[in-house]
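Taking it in order: structure first as structure tokens, then the write-up.
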Amino acid sequence: MGTITNQRKKVTIETLRRMHAKNEPITMITAHDFPSAHVADHAGMDLILVGDSLAMVALGMEDTSEVLLEEMILHCRSVSRATKSAFTVGDLPMGSYEISPEQAVESAIRVIKEGRVQSVKLEGGAEMTPTIERIARAGIPVLAHIGLTPQRQNSLGGFRVQGKTADGAMKLLEDALAVQQAGAFAVVLEAVPAGVAEDITNRLSIPTIGIGAGSGCSGQVLVQVDMSGNFPPGRFIPKFVKKYGDVWGESMKAIQAYRDEVKTRAYPAPEHTYPMPEVEMKTHNYRLGQVDRELERSMNMKDLTNSEFAALPQEQQVEFWSKYRVEIARRFREGSLKLYEDSTRY
């Protein structure tokens, strides 16, 4: 497998339209921070989505409904700094666009202006067309999302496949046509039967991006943490996810190896350290000897002249001599080593 550098041309809306016209599959993946965006961009992704799934995979939340607009903007900024070629999309989180088209435009502007991404994504079908139209009129590209819409899982009865009935399939087609008419540049189809997704794709003039929707879509998107295997054993992974790597396992092995080498003092090895010139080391060792002798002399003097010191708690004695050693080193650099004569000021 080859690695694609970020020397490739910047992907734009027009790039995506040309790809769609040529029936070239569009690749999309999520990223939630600088490293995940950097690797996705260098791997040659066409689109990078800062998805609200970061609520779970990056912030440890229960579901996407918890993440705030400010948090999404922060992660968008991180991703945008790493992305040089891919077209970036920022999710509008739950609560940031449903009240009114005006609220949605304000949120979208913040995601673009502060988050530095090139477009926004929102969930919903025909009922969201006024909102999509309003955002698009503001000059902001909109990626629609229909089918299984995670932000609405409670009203959908959980994470369920959508469009499994004839009525459900027709409703999805109506939603897809509606968001296209409203000005969306593409639409995500999530958890939709493959045949239904392909039928929708064939009837649209904009690209469809599938996730759990079969290979008949114009492109595909997956959550990076899922497809790269960057999760602990036992975590639930949807049926449609293919695990292409084992980032969790490799990271675990690397960190355990580091831990073991630290415990055995195998790390750091000489090649990982910075040497001191021999002549400087000799001078340093000579001065250390003087400091140590002065410290020993001072400790003896202290024991003889202040019997109360021995009655102090051990922690206070340790703290005293820690400060005392630092002061000796400072006095040594200044040319005075008679610290023991006024050590009572500590």
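By order in the structure tokens, chains are A, B, ...; within a chain, residues start at 1; ligands start at 1, following the order shown.
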DSSP strand (DSSP E) selection over stretch 62-309 of chain A, as a count of residues only: 29
Near-A:Gln224 list (8 Å; only C-alpha atoms; drop same-chain fewer than 3 positions) as a short mmCIF file (atom, residue, chain, number, x, y, z; two decimals) with N, CA and C atoms, in the first residue's frame:
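Everything below was put into selection37.cif:
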```
data_model
loop_
_atom_site.label_atom_id
_atom_site.label_comp_id
_atom_site.auth_asym_id
_atom_site.auth_seq_id
_atom_site.Cartn_x
_atom_site.Cartn_y
_atom_site.Cartn_z
N ILE A 29 -13.64 9.79 5.89
CA ILE A 29 -13.36 9.19 7.19
C ILE A 29 -13.47 10.27 8.26
N THR A 30 -13.70 9.85 9.49
CA THR A 30 -13.77 10.82 10.57
C THR A 30 -12.38 11.08 11.15
N ALA A 31 -12.23 12.23 11.76
CA ALA A 31 -11.03 12.57 12.54
C ALA A 31 -11.50 13.51 13.64
N SER A 36 -5.13 12.34 14.21
CA SER A 36 -6.03 11.53 13.39
C SER A 36 -6.33 12.20 12.05
N MET A 227 -12.60 1.61 12.23
CA MET A 227 -11.98 0.88 11.12
C MET A 227 -10.50 0.62 11.35
N SER A 228 -9.84 1.44 12.17
CA SER A 228 -8.42 1.24 12.43
C SER A 228 -8.16 0.33 13.62
#
```
When distances are computed from only C-alpha atoms, which of A:Val111, A:Ala311, A:Ile99, A:Leu222 shows the smallest separation from A:Ile48? A:Leu222
Let me make sure I understand: among A:Lys171, A:Ser65, A:Ser218, A:Phe34, which one has the smallest atom-to-atom distance to A:His20 if we use only C-alpha atoms?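 Selected residue with least distance to A:His20: A:Ser218.
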Residues at most 8 Å from A:Val67, counting only C-alpha atoms, excluding those fewer than 5 positions away in the same chain, as a count of residues only? 6
Given the choices A:Gln220, A:Gln7, A:Thr83, A:Glu250, which gets closest to A:Ala40 if the distance is worked out from only C-alpha atoms?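 Selected residue with least distance to A:Ala40: A:Thr83.
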Quick one: pull the distance between atom CA of A:Ala108 and atom CA of A:Ala197, Å, one decimal. 27.5 Å
Could you name the residues that touch A:Asp199 at 9 Å or less, counting only C-alpha atoms, but leaving out those on the same chain fewer than 5 positions away, as number ranges by chain? A: 173, 194, 216
Produce a file of the selected residues containing C-alpha atoms, as a CSV table (one decimal), in the first residue's frame.
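Contents of the output file again.csv:
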```
chain,number,residue,atom,x,y,z
A,173,LEU,CA,-36.1,8.7,-1.2
A,194,ALA,CA,-28.0,-1.8,0.1
A,216,GLY,CA,-23.9,1.2,-4.5
```
Residue contacts of A:Val179 (9 Å, only C-alpha atoms) excluding same-chain residues fewer than 4 positions away, as an NGL selection string: :A and (124-126 or 128-129 or 132-133 or 144-145 or 174-175 or 183-187)
Taken to one decimal, the atom CA of A:Asp292-atom CA of A:Tyr324 distance is 11.5 Å
Output as a PyMOL selection string all residues of stretch 82-218 of chain A that backbone DSSP marks as alpha helix (DSSP H). chain A and resi 82+101-113+129-137+153-156+166-182+194-202
Keeping C-alpha atoms for every residue in the selection just given, could you write it to a file as a PDB file, in the first residue's frame?
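Output below, filename out.pdb:
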```pdb
ATOM      1  CA  ALA A  82      -3.594  19.119  10.117  1.00  0.00           C
ATOM      2  CA  PRO A 101     -32.960  28.269  10.476  1.00  0.00           C
ATOM      3  CA  GLU A 102     -31.506  31.426  11.991  1.00  0.00           C
ATOM      4  CA  GLN A 103     -30.007  29.475  14.885  1.00  0.00           C
ATOM      5  CA  ALA A 104     -28.626  26.952  12.404  1.00  0.00           C
ATOM      6  CA  VAL A 105     -26.970  29.658  10.304  1.00  0.00           C
ATOM      7  CA  GLU A 106     -25.363  31.197  13.373  1.00  0.00           C
ATOM      8  CA  SER A 107     -24.009  27.802  14.431  1.00  0.00           C
ATOM      9  CA  ALA A 108     -22.808  26.975  10.919  1.00  0.00           C
ATOM     10  CA  ILE A 109     -21.001  30.300  10.633  1.00  0.00           C
ATOM     11  CA  ARG A 110     -19.218  29.633  13.922  1.00  0.00           C
ATOM     12  CA  VAL A 111     -18.145  26.157  12.805  1.00  0.00           C
ATOM     13  CA  ILE A 112     -16.779  27.575   9.539  1.00  0.00           C
ATOM     14  CA  LYS A 113     -15.275  30.780  10.935  1.00  0.00           C
ATOM     15  CA  THR A 129     -35.081  21.709   4.063  1.00  0.00           C
ATOM     16  CA  PRO A 130     -35.699  25.310   5.261  1.00  0.00           C
ATOM     17  CA  THR A 131     -32.610  25.033   7.430  1.00  0.00           C
ATOM     18  CA  ILE A 132     -30.459  23.582   4.644  1.00  0.00           C
ATOM     19  CA  GLU A 133     -31.673  26.289   2.247  1.00  0.00           C
ATOM     20  CA  ARG A 134     -30.858  29.042   4.742  1.00  0.00           C
ATOM     21  CA  ILE A 135     -27.345  27.764   5.441  1.00  0.00           C
ATOM     22  CA  ALA A 136     -26.661  27.234   1.733  1.00  0.00           C
ATOM     23  CA  ARG A 137     -27.827  30.794   0.962  1.00  0.00           C
ATOM     24  CA  GLN A 153     -31.947   7.664  18.274  1.00  0.00           C
ATOM     25  CA  ASN A 154     -34.534   8.068  21.025  1.00  0.00           C
ATOM     26  CA  SER A 155     -37.312   8.884  18.572  1.00  0.00           C
ATOM     27  CA  LEU A 156     -36.155   6.093  16.246  1.00  0.00           C
ATOM     28  CA  ALA A 166     -41.575  -0.261   1.326  1.00  0.00           C
ATOM     29  CA  ASP A 167     -43.006   2.794   3.088  1.00  0.00           C
ATOM     30  CA  GLY A 168     -39.740   3.418   4.891  1.00  0.00           C
ATOM     31  CA  ALA A 169     -37.737   3.125   1.683  1.00  0.00           C
ATOM     32  CA  MET A 170     -40.008   5.599  -0.093  1.00  0.00           C
ATOM     33  CA  LYS A 171     -39.720   8.021   2.832  1.00  0.00           C
ATOM     34  CA  LEU A 172     -35.923   7.893   2.517  1.00  0.00           C
ATOM     35  CA  LEU A 173     -36.127   8.657  -1.206  1.00  0.00           C
ATOM     36  CA  GLU A 174     -38.408  11.606  -0.480  1.00  0.00           C
ATOM     37  CA  ASP A 175     -35.953  12.866   2.137  1.00  0.00           C
ATOM     38  CA  ALA A 176     -33.011  12.483  -0.236  1.00  0.00           C
ATOM     39  CA  LEU A 177     -34.745  14.380  -3.030  1.00  0.00           C
ATOM     40  CA  ALA A 178     -35.816  17.086  -0.581  1.00  0.00           C
ATOM     41  CA  VAL A 179     -32.330  17.766   0.809  1.00  0.00           C
ATOM     42  CA  GLN A 180     -30.949  17.774  -2.727  1.00  0.00           C
ATOM     43  CA  GLN A 181     -33.550  20.346  -3.768  1.00  0.00           C
ATOM     44  CA  ALA A 182     -32.720  22.413  -0.670  1.00  0.00           C
ATOM     45  CA  ALA A 194     -28.012  -1.781   0.149  1.00  0.00           C
ATOM     46  CA  GLY A 195     -30.668  -2.017  -2.539  1.00  0.00           C
ATOM     47  CA  VAL A 196     -32.571   0.964  -1.179  1.00  0.00           C
ATOM     48  CA  ALA A 197     -29.385   3.042  -0.952  1.00  0.00           C
ATOM     49  CA  GLU A 198     -28.472   2.174  -4.532  1.00  0.00           C
ATOM     50  CA  ASP A 199     -31.957   3.105  -5.749  1.00  0.00           C
ATOM     51  CA  ILE A 200     -31.646   6.481  -4.026  1.00  0.00           C
ATOM     52  CA  THR A 201     -28.162   7.028  -5.434  1.00  0.00           C
ATOM     53  CA  ASN A 202     -29.365   6.352  -8.978  1.00  0.00           C
TER      54      ASN A 202
END
```
Go through A:Leu49, A:Arg330, A:Arg293, A:Thr88 and flag the residue nearest A:Ile13, using only C-alpha atoms for the distances.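 Using only C-alpha atoms, A:Ile13 sits closest to A:Thr88.
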